[in-house]
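S.K.: Next comes model-v1.pdb, PDB, C-alpha atoms and all ligand atoms:
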ATOM      1  CA  MET C   1     -36.179 -44.748  12.273
ATOM      2  CA  PHE C   2     -36.701 -41.551  10.338
ATOM      3  CA  LYS C   3     -34.701 -39.830   7.687
ATOM      4  CA  LYS C   4     -34.471 -36.093   8.147
ATOM      5  CA  ALA C   5     -34.523 -33.650   5.269
ATOM      6  CA  LEU C   6     -33.225 -30.112   5.417
ATOM      7  CA  ALA C   7     -36.022 -28.199   3.797
ATOM      8  CA  GLY C   8     -34.288 -24.876   3.585
ATOM      9  CA  ILE C   9     -32.044 -22.322   5.146
ATOM     10  CA  GLY C  10     -32.943 -18.655   5.056
ATOM     11  CA  ALA C  11     -32.734 -15.487   7.061
ATOM     12  CA  GLY C  12     -36.134 -15.893   8.670
ATOM     13  CA  ALA C  13     -37.866 -18.901  10.121
ATOM     14  CA  LEU C  14     -36.476 -22.146   8.777
ATOM     15  CA  LEU C  15     -38.147 -25.399   8.012
ATOM     16  CA  PHE C  16     -36.678 -28.742   8.867
ATOM     17  CA  GLY C  17     -38.952 -31.510   7.690
ATOM     18  CA  LEU C  18     -39.214 -35.221   8.235
ATOM     19  CA  THR C  19     -39.706 -37.452   5.231
ATOM     20  CA  ALA C  20     -41.807 -39.664   7.442
ATOM     21  CA  CYS C  21     -44.021 -38.553  10.287
ATOM     22  CA  GLY C  22     -45.386 -40.034  13.425
ATOM     23  CA  GLY C  23     -42.655 -39.443  15.929
ATOM     24  CA  GLY C  24     -39.017 -38.724  16.468
ATOM     25  CA  GLY C  25     -36.036 -40.454  15.024
ATOM     26  CA  ASP C  26     -33.651 -43.025  16.350
ATOM     27  CA  ASP C  27     -30.881 -42.639  13.820
ATOM     28  CA  SER C  28     -28.175 -43.149  16.424
ATOM     29  CA  GLY C  29     -29.301 -46.699  16.882
ATOM     30  CA  ASP C  30     -28.960 -46.488  20.640
ATOM     31  CA  GLY C  31     -32.262 -44.870  21.435
ATOM     32  CA  GLY C  32     -35.620 -46.461  20.978
ATOM     33  CA  GLY C  33     -39.319 -45.802  21.078
ATOM     34  CA  ASP C  34     -40.871 -42.631  19.684
ATOM     35  CA  GLY C  35     -38.645 -40.039  21.333
ATOM     36  CA  LEU C  36     -36.108 -37.852  19.598
ATOM     37  CA  VAL C  37     -32.382 -38.107  20.104
ATOM     38  CA  ILE C  38     -31.156 -34.621  20.986
ATOM     39  CA  GLY C  39     -27.547 -33.578  21.436
ATOM     40  CA  PHE C  40     -27.104 -30.726  23.910
ATOM     41  CA  ALA C  41     -23.781 -28.867  24.122
ATOM     42  CA  GLN C  42     -24.133 -26.893  27.348
ATOM     43  CA  VAL C  43     -21.788 -24.023  28.320
ATOM     44  CA  GLY C  44     -20.662 -25.501  31.638
ATOM     45  CA  ALA C  45     -21.625 -25.330  35.294
ATOM     46  CA  GLU C  46     -20.248 -21.897  36.125
ATOM     47  CA  SER C  47     -23.261 -20.553  38.012
ATOM     48  CA  ALA C  48     -26.441 -21.477  39.860
ATOM     49  CA  TRP C  49     -28.263 -20.194  36.768
ATOM     50  CA  ARG C  50     -26.424 -22.675  34.553
ATOM     51  CA  THR C  51     -27.034 -25.605  36.890
ATOM     52  CA  ALA C  52     -30.738 -24.746  36.992
ATOM     53  CA  ASN C  53     -30.818 -24.416  33.207
ATOM     54  CA  SER C  54     -29.224 -27.842  32.721
ATOM     55  CA  ALA C  55     -31.644 -29.402  35.208
ATOM     56  CA  SER C  56     -34.645 -27.772  33.510
ATOM     57  CA  ILE C  57     -33.633 -29.046  30.060
ATOM     58  CA  GLN C  58     -32.735 -32.531  31.285
ATOM     59  CA  ALA C  59     -36.029 -32.886  33.174
ATOM     60  CA  ALA C  60     -38.053 -31.589  30.230
ATOM     61  CA  ALA C  61     -36.361 -33.972  27.783
ATOM     62  CA  GLU C  62     -37.039 -36.904  30.057
ATOM     63  CA  ALA C  63     -40.653 -35.883  30.606
ATOM     64  CA  ALA C  64     -41.147 -35.585  26.853
ATOM     65  CA  GLY C  65     -39.650 -39.024  26.259
ATOM     66  CA  HIS C  66     -36.593 -37.784  24.368
ATOM     67  CA  GLU C  67     -33.046 -39.008  24.775
ATOM     68  CA  LEU C  68     -30.758 -36.096  25.669
ATOM     69  CA  LYS C  69     -27.071 -36.508  25.011
ATOM     70  CA  PHE C  70     -25.683 -33.914  27.430
ATOM     71  CA  VAL C  71     -22.177 -32.462  27.231
ATOM     72  CA  ASP C  72     -20.831 -29.988  29.809
ATOM     73  CA  ALA C  73     -18.206 -28.005  27.868
ATOM     74  CA  GLN C  74     -16.660 -26.400  30.963
ATOM     75  CA  GLN C  75     -16.833 -22.939  29.368
ATOM     76  CA  GLU C  76     -14.545 -24.038  26.492
ATOM     77  CA  GLN C  77     -15.649 -23.444  22.917
ATOM     78  CA  GLU C  78     -13.354 -26.198  21.618
ATOM     79  CA  LYS C  79     -15.217 -28.743  23.754
ATOM     80  CA  GLN C  80     -18.565 -27.485  22.439
ATOM     81  CA  ILE C  81     -17.361 -27.735  18.843
ATOM     82  CA  ALA C  82     -16.111 -31.275  19.490
ATOM     83  CA  ALA C  83     -19.467 -32.146  21.068
ATOM     84  CA  VAL C  84     -21.405 -30.823  18.079
ATOM     85  CA  ARG C  85     -19.179 -32.802  15.701
ATOM     86  CA  ASP C  86     -19.797 -35.904  17.812
ATOM     87  CA  PHE C  87     -23.557 -35.310  17.652
ATOM     88  CA  ILE C  88     -23.282 -35.032  13.867
ATOM     89  CA  THR C  89     -21.398 -38.330  13.706
ATOM     90  CA  GLN C  90     -24.112 -39.910  15.831
ATOM     91  CA  GLN C  91     -26.777 -38.500  13.489
ATOM     92  CA  VAL C  92     -28.922 -37.119  16.279
ATOM     93  CA  ASP C  93     -32.318 -35.702  15.323
ATOM     94  CA  ALA C  94     -31.500 -32.190  16.569
ATOM     95  CA  ILE C  95     -28.648 -30.327  18.182
ATOM     96  CA  VAL C  96     -29.178 -27.839  20.982
ATOM     97  CA  LEU C  97     -26.242 -25.491  21.432
ATOM     98  CA  ALA C  98     -25.738 -22.885  24.165
ATOM     99  CA  PRO C  99     -22.738 -21.156  22.593
ATOM    100  CA  VAL C 100     -20.195 -20.011  25.164
ATOM    101  CA  VAL C 101     -19.098 -17.137  22.901
ATOM    102  CA  GLU C 102     -20.688 -15.477  19.882
ATOM    103  CA  THR C 103     -17.987 -15.995  17.248
ATOM    104  CA  GLY C 104     -16.218 -18.956  15.666
ATOM    105  CA  TRP C 105     -19.204 -21.168  14.880
ATOM    106  CA  THR C 106     -19.443 -20.934  11.100
ATOM    107  CA  ASP C 107     -17.609 -24.151  10.202
ATOM    108  CA  VAL C 108     -19.307 -26.462  12.661
ATOM    109  CA  LEU C 109     -22.752 -24.992  12.046
ATOM    110  CA  GLN C 110     -22.193 -25.491   8.316
ATOM    111  CA  GLU C 111     -21.215 -29.110   9.020
ATOM    112  CA  ALA C 112     -24.500 -29.627  10.883
ATOM    113  CA  ALA C 113     -26.437 -28.031   8.024
ATOM    114  CA  ASP C 114     -24.611 -30.231   5.507
ATOM    115  CA  ALA C 115     -25.610 -33.256   7.605
ATOM    116  CA  GLU C 116     -29.205 -31.973   7.588
ATOM    117  CA  ILE C 117     -29.331 -31.807  11.369
ATOM    118  CA  PRO C 118     -31.150 -28.744  12.695
ATOM    119  CA  VAL C 119     -29.358 -26.634  15.305
ATOM    120  CA  ILE C 120     -31.412 -24.828  17.926
ATOM    121  CA  LEU C 121     -29.643 -22.248  20.083
ATOM    122  CA  ALA C 122     -30.599 -22.248  23.742
ATOM    123  CA  ASP C 123     -29.749 -19.309  25.986
ATOM    124  CA  ARG C 124     -26.880 -17.537  24.192
ATOM    125  CA  GLY C 125     -26.675 -16.395  20.596
ATOM    126  CA  VAL C 126     -24.028 -16.310  17.880
ATOM    127  CA  GLU C 127     -22.856 -13.421  15.741
ATOM    128  CA  ALA C 128     -25.203 -12.123  13.069
ATOM    129  CA  ALA C 129     -23.050 -13.519  10.243
ATOM    130  CA  ASP C 130     -23.963 -17.060  11.353
ATOM    131  CA  GLU C 131     -27.687 -16.480  11.741
ATOM    132  CA  ASP C 132     -28.587 -18.436   8.613
ATOM    133  CA  LEU C 133     -26.842 -21.518  10.004
ATOM    134  CA  TYR C 134     -29.157 -22.209  12.909
ATOM    135  CA  VAL C 135     -32.923 -22.532  12.977
ATOM    136  CA  THR C 136     -33.987 -20.583  16.009
ATOM    137  CA  ARG C 137     -32.890 -19.282  19.402
ATOM    138  CA  LEU C 138     -34.792 -19.578  22.661
ATOM    139  CA  GLY C 139     -33.409 -17.583  25.560
ATOM    140  CA  SER C 140     -33.064 -14.215  27.189
ATOM    141  CA  ASP C 141     -32.991 -10.824  25.543
ATOM    142  CA  PHE C 142     -29.658  -9.878  27.092
ATOM    143  CA  ALA C 143     -29.665  -6.353  25.693
ATOM    144  CA  GLU C 144     -33.038  -5.779  27.299
ATOM    145  CA  GLU C 145     -31.667  -7.072  30.595
ATOM    146  CA  GLY C 146     -28.886  -4.497  30.284
ATOM    147  CA  ARG C 147     -31.419  -1.781  29.480
ATOM    148  CA  LYS C 148     -33.425  -2.677  32.587
ATOM    149  CA  ALA C 149     -30.293  -2.356  34.724
ATOM    150  CA  GLY C 150     -29.467   0.922  32.994
ATOM    151  CA  ALA C 151     -32.951   2.333  33.560
ATOM    152  CA  TRP C 152     -32.676   1.724  37.302
ATOM    153  CA  ALA C 153     -29.189   3.227  37.454
ATOM    154  CA  ALA C 154     -30.211   6.281  35.417
ATOM    155  CA  GLU C 155     -33.164   6.912  37.717
ATOM    156  CA  THR C 156     -31.287   6.169  40.955
ATOM    157  CA  PHE C 157     -28.352   8.432  40.137
ATOM    158  CA  ALA C 158     -30.201  11.106  38.142
ATOM    159  CA  ASP C 159     -29.401  13.776  40.733
ATOM    160  CA  ASP C 160     -25.748  12.799  41.172
ATOM    161  CA  ALA C 161     -24.204  16.110  40.144
ATOM    162  CA  ASP C 162     -20.606  14.894  40.558
ATOM    163  CA  GLY C 163     -21.076  12.161  38.011
ATOM    164  CA  THR C 164     -21.822   8.536  38.815
ATOM    165  CA  LYS C 165     -18.685   6.429  39.177
ATOM    166  CA  ILE C 166     -19.258   2.897  37.930
ATOM    167  CA  LEU C 167     -17.400  -0.407  38.194
ATOM    168  CA  GLU C 168     -18.504  -3.162  35.839
ATOM    169  CA  LEU C 169     -17.937  -6.904  36.190
ATOM    170  CA  GLN C 170     -18.495  -8.311  32.734
ATOM    171  CA  GLY C 171     -19.413 -11.893  31.953
ATOM    172  CA  THR C 172     -17.299 -14.211  29.832
ATOM    173  CA  THR C 173     -15.434 -12.191  27.220
ATOM    174  CA  GLY C 174     -17.069 -12.531  23.818
ATOM    175  CA  SER C 175     -20.261 -14.119  25.149
ATOM    176  CA  ALA C 176     -23.636 -12.787  24.091
ATOM    177  CA  PRO C 177     -24.770 -11.897  27.630
ATOM    178  CA  ALA C 178     -21.529 -10.020  28.349
ATOM    179  CA  ASN C 179     -21.703  -8.100  25.075
ATOM    180  CA  ASP C 180     -25.400  -7.322  25.224
ATOM    181  CA  ARG C 181     -25.770  -6.632  28.939
ATOM    182  CA  LYS C 182     -22.997  -4.082  28.552
ATOM    183  CA  SER C 183     -24.340  -2.421  25.416
ATOM    184  CA  GLY C 184     -27.931  -2.310  26.705
ATOM    185  CA  PHE C 185     -26.857  -0.796  30.015
ATOM    186  CA  PHE C 186     -24.765   2.028  28.584
ATOM    187  CA  GLU C 187     -27.253   2.638  25.780
ATOM    188  CA  VAL C 188     -29.818   3.656  28.404
ATOM    189  CA  LEU C 189     -27.376   5.701  30.506
ATOM    190  CA  ASP C 190     -26.450   7.652  27.371
ATOM    191  CA  ALA C 191     -30.056   8.013  26.231
ATOM    192  CA  GLU C 192     -31.057   9.287  29.664
ATOM    193  CA  GLY C 193     -28.153  11.733  29.701
ATOM    194  CA  LEU C 194     -26.684  10.413  32.947
ATOM    195  CA  ASN C 195     -23.389  12.018  33.886
ATOM    196  CA  TYR C 196     -21.240   8.946  34.549
ATOM    197  CA  GLU C 197     -17.728   7.575  34.435
ATOM    198  CA  ILE C 198     -16.722   3.931  33.912
ATOM    199  CA  VAL C 199     -13.944   3.723  36.478
ATOM    200  CA  ASP C 200     -13.100   0.148  35.454
ATOM    201  CA  SER C 201     -14.686  -2.717  33.560
ATOM    202  CA  GLN C 202     -13.264  -6.228  33.389
ATOM    203  CA  SER C 203     -14.448  -9.785  32.929
ATOM    204  CA  GLY C 204     -15.084 -12.042  35.911
ATOM    205  CA  ASN C 205     -16.040 -14.913  33.582
ATOM    206  CA  PHE C 206     -19.442 -15.337  35.279
ATOM    207  CA  THR C 207     -17.894 -17.068  38.320
ATOM    208  CA  ALA C 208     -17.808 -16.053  41.987
ATOM    209  CA  GLU C 209     -14.072 -16.731  42.280
ATOM    210  CA  GLU C 210     -13.116 -14.551  39.339
ATOM    211  CA  GLY C 211     -15.655 -11.892  40.278
ATOM    212  CA  LYS C 212     -14.076 -11.659  43.716
ATOM    213  CA  ALA C 213     -10.546 -11.570  42.302
ATOM    214  CA  VAL C 214     -11.402  -8.812  39.819
ATOM    215  CA  MET C 215     -13.165  -6.788  42.521
ATOM    216  CA  GLU C 216     -10.065  -7.085  44.708
ATOM    217  CA  THR C 217      -8.040  -5.693  41.816
ATOM    218  CA  PHE C 218     -10.549  -2.856  41.368
ATOM    219  CA  ILE C 219     -10.240  -2.011  45.081
ATOM    220  CA  THR C 220      -6.458  -2.135  45.023
ATOM    221  CA  THR C 221      -6.304   0.031  41.912
ATOM    222  CA  HIS C 222      -9.040   2.576  42.581
ATOM    223  CA  GLY C 223     -10.123   2.207  46.207
ATOM    224  CA  LEU C 224     -13.843   2.321  46.922
ATOM    225  CA  ASP C 225     -14.210   5.903  48.121
ATOM    226  CA  GLY C 226     -16.345   7.796  45.664
ATOM    227  CA  ILE C 227     -17.406   4.681  43.730
ATOM    228  CA  ASP C 228     -21.192   4.745  43.436
ATOM    229  CA  LEU C 229     -22.217   1.622  41.610
ATOM    230  CA  LEU C 230     -21.106  -1.911  40.805
ATOM    231  CA  TYR C 231     -22.859  -3.474  37.819
ATOM    232  CA  ALA C 232     -22.239  -7.234  37.891
ATOM    233  CA  HIS C 233     -23.401  -9.190  34.851
ATOM    234  CA  ASN C 234     -24.474 -12.135  37.002
ATOM    235  CA  ASP C 235     -25.185 -13.147  40.589
ATOM    236  CA  GLU C 236     -22.013 -15.170  41.123
ATOM    237  CA  MET C 237     -19.692 -12.320  40.222
ATOM    238  CA  GLY C 238     -21.752  -9.918  42.325
ATOM    239  CA  LEU C 239     -21.632 -12.267  45.312
ATOM    240  CA  GLY C 240     -17.882 -12.713  44.927
ATOM    241  CA  ALA C 241     -17.472  -8.946  44.720
ATOM    242  CA  ILE C 242     -19.534  -8.493  47.882
ATOM    243  CA  GLN C 243     -17.021 -10.650  49.748
ATOM    244  CA  ALA C 244     -14.166  -8.518  48.458
ATOM    245  CA  ILE C 245     -15.981  -5.312  49.443
ATOM    246  CA  GLU C 246     -16.635  -6.610  52.961
ATOM    247  CA  GLU C 247     -13.041  -7.759  53.335
ATOM    248  CA  ALA C 248     -12.009  -4.215  52.395
ATOM    249  CA  GLY C 249     -14.059  -2.947  55.342
ATOM    250  CA  LYS C 250     -16.876  -1.426  53.287
ATOM    251  CA  VAL C 251     -20.609  -2.064  53.362
ATOM    252  CA  PRO C 252     -22.005  -3.493  50.106
ATOM    253  CA  GLY C 253     -25.376  -2.022  49.204
ATOM    254  CA  GLN C 254     -24.601   1.148  51.157
ATOM    255  CA  ASP C 255     -21.058   2.353  50.496
ATOM    256  CA  ILE C 256     -21.473   1.093  46.957
ATOM    257  CA  GLN C 257     -24.768   0.211  45.309
ATOM    258  CA  ILE C 258     -24.918  -3.095  43.471
ATOM    259  CA  ILE C 259     -26.901  -4.401  40.511
ATOM    260  CA  ILE C 260     -26.800  -8.127  39.703
ATOM    261  CA  VAL C 261     -28.354 -10.161  36.895
ATOM    262  CA  ASP C 262     -29.966 -13.639  37.268
ATOM    263  CA  GLY C 263     -32.035 -13.703  40.449
ATOM    264  CA  SER C 264     -30.847 -16.838  42.243
ATOM    265  CA  LYS C 265     -31.827 -17.625  45.832
ATOM    266  CA  ALA C 266     -28.358 -16.515  46.947
ATOM    267  CA  GLY C 267     -28.712 -13.281  45.000
ATOM    268  CA  PHE C 268     -32.098 -12.531  46.549
ATOM    269  CA  GLN C 269     -30.794 -13.425  49.997
ATOM    270  CA  ALA C 270     -28.040 -10.846  49.477
ATOM    271  CA  GLY C 271     -30.781  -8.396  48.559
ATOM    272  CA  VAL C 272     -32.749  -9.222  51.717
ATOM    273  CA  ASP C 273     -29.523  -8.691  53.670
ATOM    274  CA  GLY C 274     -29.205  -5.229  52.158
ATOM    275  CA  LYS C 275     -26.082  -6.062  50.130
ATOM    276  CA  VAL C 276     -27.683  -5.867  46.687
ATOM    277  CA  ASN C 277     -29.848  -2.986  45.492
ATOM    278  CA  TYR C 278     -31.380  -4.190  42.228
ATOM    279  CA  ILE C 279     -31.868  -7.556  40.552
ATOM    280  CA  VAL C 280     -32.543  -8.085  36.866
ATOM    281  CA  GLU C 281     -33.979 -11.528  36.354
ATOM    282  CA  CYS C 282     -32.525 -13.989  33.846
ATOM    283  CA  ASN C 283     -34.781 -17.014  33.615
ATOM    284  CA  PRO C 284     -33.116 -20.442  33.164
ATOM    285  CA  ALA C 285     -36.273 -22.563  33.437
ATOM    286  CA  PHE C 286     -37.162 -22.901  29.779
ATOM    287  CA  GLY C 287     -36.698 -26.674  29.356
ATOM    288  CA  ASP C 288     -40.341 -27.420  28.532
ATOM    289  CA  GLN C 289     -40.490 -24.532  26.082
ATOM    290  CA  LEU C 290     -37.270 -25.759  24.478
ATOM    291  CA  MET C 291     -38.647 -29.266  23.969
ATOM    292  CA  ASP C 292     -41.699 -27.749  22.242
ATOM    293  CA  VAL C 293     -39.395 -25.779  19.956
ATOM    294  CA  VAL C 294     -37.224 -28.819  19.167
ATOM    295  CA  GLU C 295     -40.292 -30.898  18.350
ATOM    296  CA  SER C 296     -41.694 -28.141  16.130
ATOM    297  CA  VAL C 297     -38.413 -27.829  14.278
ATOM    298  CA  VAL C 298     -38.040 -31.566  13.730
ATOM    299  CA  ASN C 299     -41.661 -31.746  12.595
ATOM    300  CA  GLY C 300     -41.000 -29.071  10.001
ATOM    301  CA  ASP C 301     -43.215 -26.413  11.561
ATOM    302  CA  GLU C 302     -42.329 -22.773  11.099
ATOM    303  CA  VAL C 303     -40.760 -21.243  14.175
ATOM    304  CA  GLU C 304     -39.747 -17.719  15.096
ATOM    305  CA  LYS C 305     -36.077 -16.915  14.670
ATOM    306  CA  PHE C 306     -35.924 -15.761  18.300
ATOM    307  CA  THR C 307     -38.229 -16.488  21.216
ATOM    308  CA  PRO C 308     -37.436 -14.522  24.388
ATOM    309  CA  VAL C 309     -38.214 -15.998  27.783
ATOM    310  CA  GLU C 310     -40.178 -13.934  30.297
ATOM    311  CA  GLU C 311     -38.168 -12.047  32.914
ATOM    312  CA  GLY C 312     -38.776  -9.410  35.571
ATOM    313  CA  VAL C 313     -36.899  -6.885  37.697
ATOM    314  CA  PHE C 314     -36.832  -6.497  41.472
ATOM    315  CA  ASP C 315     -35.859  -3.668  43.793
ATOM    316  CA  ALA C 316     -35.294  -3.608  47.546
ATOM    317  CA  THR C 317     -39.013  -3.337  48.288
ATOM    318  CA  GLN C 318     -39.604  -6.712  46.608
ATOM    319  CA  PHE C 319     -36.671  -8.918  47.668
ATOM    320  CA  GLU C 320     -38.169 -10.431  50.810
ATOM    321  CA  ALA C 321     -41.515 -11.320  49.261
ATOM    322  CA  GLU C 322     -39.862 -12.786  46.166
ATOM    323  CA  LEU C 323     -37.164 -14.874  47.871
ATOM    324  CA  PRO C 324     -39.429 -17.885  48.621
ATOM    325  CA  ASN C 325     -40.435 -18.003  44.948
ATOM    326  CA  ARG C 326     -36.920 -18.416  43.619
ATOM    327  CA  GLN C 327     -36.333 -21.828  42.106
ATOM    328  CA  PHE C 328     -32.532 -21.913  41.900
TER     329      PHE C 328
HETATM  330  O1  LIG B   1     -26.059 -16.971  29.496
HETATM  331  C1  LIG B   1     -26.712 -16.728  30.713
HETATM  332  C2  LIG B   1     -25.695 -16.389  31.756
HETATM  333  O2  LIG B   1     -24.760 -17.421  31.848
HETATM  334  C3  LIG B   1     -26.199 -16.189  33.162
HETATM  335  O3  LIG B   1     -26.542 -14.892  33.478
HETATM  336  C4  LIG B   1     -24.989 -16.567  33.940
HETATM  337  O4  LIG B   1     -25.212 -16.733  35.296
HETATM  338  C5  LIG B   1     -24.518 -17.728  33.211
HETATM  339  O5  LIG B   1     -23.224 -18.065  33.438
END
What is this structure when it is put down as structure tokens?
M.R.:
Amino acid sequence: MFKKALAGIGAGALLFGLTACGGGGDDSGDGGGDGLVIGFAQVGAESAWRTANSASIQAAAEAAGHELKFVDAQQEQEKQIAAVRDFITQQVDAIVLAPVVETGWTDVLQEAADAEIPVILADRGVEAADEDLYVTRLGSDFAEEGRKAGAWAAETFADDADGTKILELQGTTGSAPANDRKSGFFEVLDAEGLNYEIVDSQSGNFTAEEGKAVMETFITTHGLDGIDLLYAHNDEMGLGAIQAIEEAGKVPGQDIQIIIVDGSKAGFQAGVDGKVNYIVECNPAFGDQLMDVVESVVNGDEVEKFTPVEEGVFDATQFEAELPNRQF
């Protein structure tokens, strides 16, 4: 059993030290051996990406000999906050949080800091005001993902003299990927001087069902004639939208070009089928890297405030060759 000490909280890299060394803690009393006890408040199971992310983290924790207390918060912040409070009560060695939205974390993060339990963000981030209350974040650079999508759109529609008409399916309202994928995308369109119009932009909550429903509303409200591009913040919403487009008698990928973010097998298959035109990868398989970060934090090593995971982009010339490589 080890007693943890909060060595300091600051704007940069933080140090969380152990007063004894030689392995992880077992403060909860229900673990054992040398492994750490890690509480993980996951967003939910809303997408293939999320399922793959959970599997990657669970497998990595097991391989590293740590006990992972896993909570699926079903996309509800209240459930994540309750999970974090439960982890604090259990005196876990570290808390991993994938915050469903960016705001509203100050109180519970302060409670974790007061209990001297380090919080590591996985995947999504929190608002800047709370940055001193967690140690580090490992995950995607969502703004960069948006910029990649924007760069392709700006190049593809550069000669569109009439102005490019865009529909946007945003992720969960208030989430880091929804906020940043949007800002990064339009930042590049503006920087490149693309003549464009956002015909409509609404949240599909990162699910296929809601993506389809929102696309049906778009079609009812605006029709599809003259719409050039659908920018879907993840695969599920894009795939749901494709169904709605086909049911409206249009050809996805031709009558309307489509960008999706994630790069699941289903997303790539849609690309091979000609229904998706560009894929920005979001990589969920960072479980091993996360365990390294958690161990470093618990050991009191200095860690970067943010570590991005590696991600690529794929156009129609690459879909077929890449499909067999997709892991989720
Ligand atoms: O936070 C990452 C995003 O969350 C993925 O793009 C999406 O599929 C998931 O729901």
S.K.: May I ask which of the residues C:Gln75, C:Thr106, C:Thr220, C:Thr156 is the closest one to Arg50 (chain C), counting all atoms listed in the file?
M.R.: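 Among C:Gln75, C:Thr106, C:Thr220, C:Thr156, it is C:Gln75 that comes nearest to Arg50 (chain C).
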S.K.: What does the distance between CA of Ile198 (chain C) and CA of Asp159 (chain C) come to in Å, to one decimal place?
M.R.: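 Between these atoms lies a distance of 17.4 Å.
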S.K.: For ligand LIG 1 (chain B), which residue among C:Glu131, C:Glu210, C:Glu102, C:Glu236 is the nearest when counting all atoms listed in the file?
M.R.: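 With all atoms listed in the file as the atom set, the closest residue is C:Glu236.
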S.K.: Nearest to ligand LIG 1 (chain B) among C:Phe142, C:Phe268, C:Phe306, C:Phe286, with distances taken over only C-alpha atoms and all ligand atoms: which residue is it?
M.R.: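 Among C:Phe142, C:Phe268, C:Phe306, C:Phe286, it is C:Phe142 that comes nearest to ligand LIG 1 (chain B).
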S.K.: Using the chain letters and numbering of this document, enumerate as a ChimeraX atom specification the residues selected by the PyMOL selection byres (((not hetatm)) within 7 of (chain B and resi 1)).
M.R.: /C:46-50,123-124,177,206,233-236,261-262,282
S.K.: On this file, the PyMOL selection byres (((chain C and resi 71) around 12) and not hetatm) gives some set of residues; write that set as a ChimeraX atom specification.
M.R.: /C:38-45,54,58,68-70,72-77,79-87,95-98
S.K.: Expanded to explicit residues, what is the PyMOL selection byres (((chain C and resi 200) around 8) and not hetatm) for this file, as JSON, numbers by chain?
M.R.: {"C": [166, 167, 168, 198, 199, 201, 202, 218]}
S.K.: Quick one: 6 Å padding each side, axis-aligned, all listed atoms of region 222-228 of chain C - centre and edge lengths in Å to one decimal, as AutoDock Vina command-line options?
M.R.:
--center_x -15.1 --center_y 5.0 --center_z 45.4 --size_x 24.2 --size_y 17.6 --size_z 17.5
S.K.: Just want the 8 Å neighbourhood of Glu145 (chain C), counted on all atoms listed in the file, with same-chain residues fewer than 2 positions away dropped. Output as a list of chain:residue names.
M.R.: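 In the requested form, the answer reads C:Asp141, C:Phe142, C:Ala143, C:Arg147, C:Lys148, C:Ala149, C:Arg181, C:Gly184, C:Phe185, C:Val261, C:Val280, C:Glu281, C:Cys282.
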S.K.: Under the rule that all atoms listed in the file are counted, which of C:Tyr196, C:Lys305, C:Ala115, C:Ala154 is the nearest residue to Gln90 (chain C)?
M.R.: C:Ala115
S.K.: Work out how far apart CA of Ala266 (chain C) and CA of Gly253 (chain C) are and give it in Å to one decimal.
M.R.: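 Separation between CA of Ala266 (chain C) and CA of Gly253 (chain C): 15.0 Å.
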S.K.: Name the closest residue to Gly223 (chain C) among the candidates C:Gly267, C:Gly104, C:Gly249, C:Asp273; distances are taken between atoms, counting only C-alpha atoms.
M.R.: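 Residue with the minimum atom-to-atom distance to Gly223 (chain C): C:Gly249.
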S.K.: Neighbouring residues of Asn283 (chain C) were defined as those with any atom within 9 Å, considering only C-alpha atoms; residues of the same chain fewer than 4 positions away were excluded. Please report them as a PyMOL selection string.
M.R.: chain C and resi 49+53+139-140+262-263+309-312
S.K.: Store the residues picked out above in a file with C-alpha atoms, as a PDB file, in the frame of the given file.
M.R.:
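Written output follows (out.pdb):
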ATOM      1  CA  TRP C  49     -28.263 -20.194  36.768  1.00  0.00           C
ATOM      2  CA  ASN C  53     -30.818 -24.416  33.207  1.00  0.00           C
ATOM      3  CA  GLY C 139     -33.409 -17.583  25.560  1.00  0.00           C
ATOM      4  CA  SER C 140     -33.064 -14.215  27.189  1.00  0.00           C
ATOM      5  CA  ASP C 262     -29.966 -13.639  37.268  1.00  0.00           C
ATOM      6  CA  GLY C 263     -32.035 -13.703  40.449  1.00  0.00           C
ATOM      7  CA  VAL C 309     -38.214 -15.998  27.783  1.00  0.00           C
ATOM      8  CA  GLU C 310     -40.178 -13.934  30.297  1.00  0.00           C
ATOM      9  CA  GLU C 311     -38.168 -12.047  32.914  1.00  0.00           C
ATOM     10  CA  GLY C 312     -38.776  -9.410  35.571  1.00  0.00           C
TER      11      GLY C 312
END
S.K.: Between CA of Gly271 (chain C) and CA of Gly238 (chain C), what distance in Å does the model show, to one decimal?
M.R.: 11.1 Å
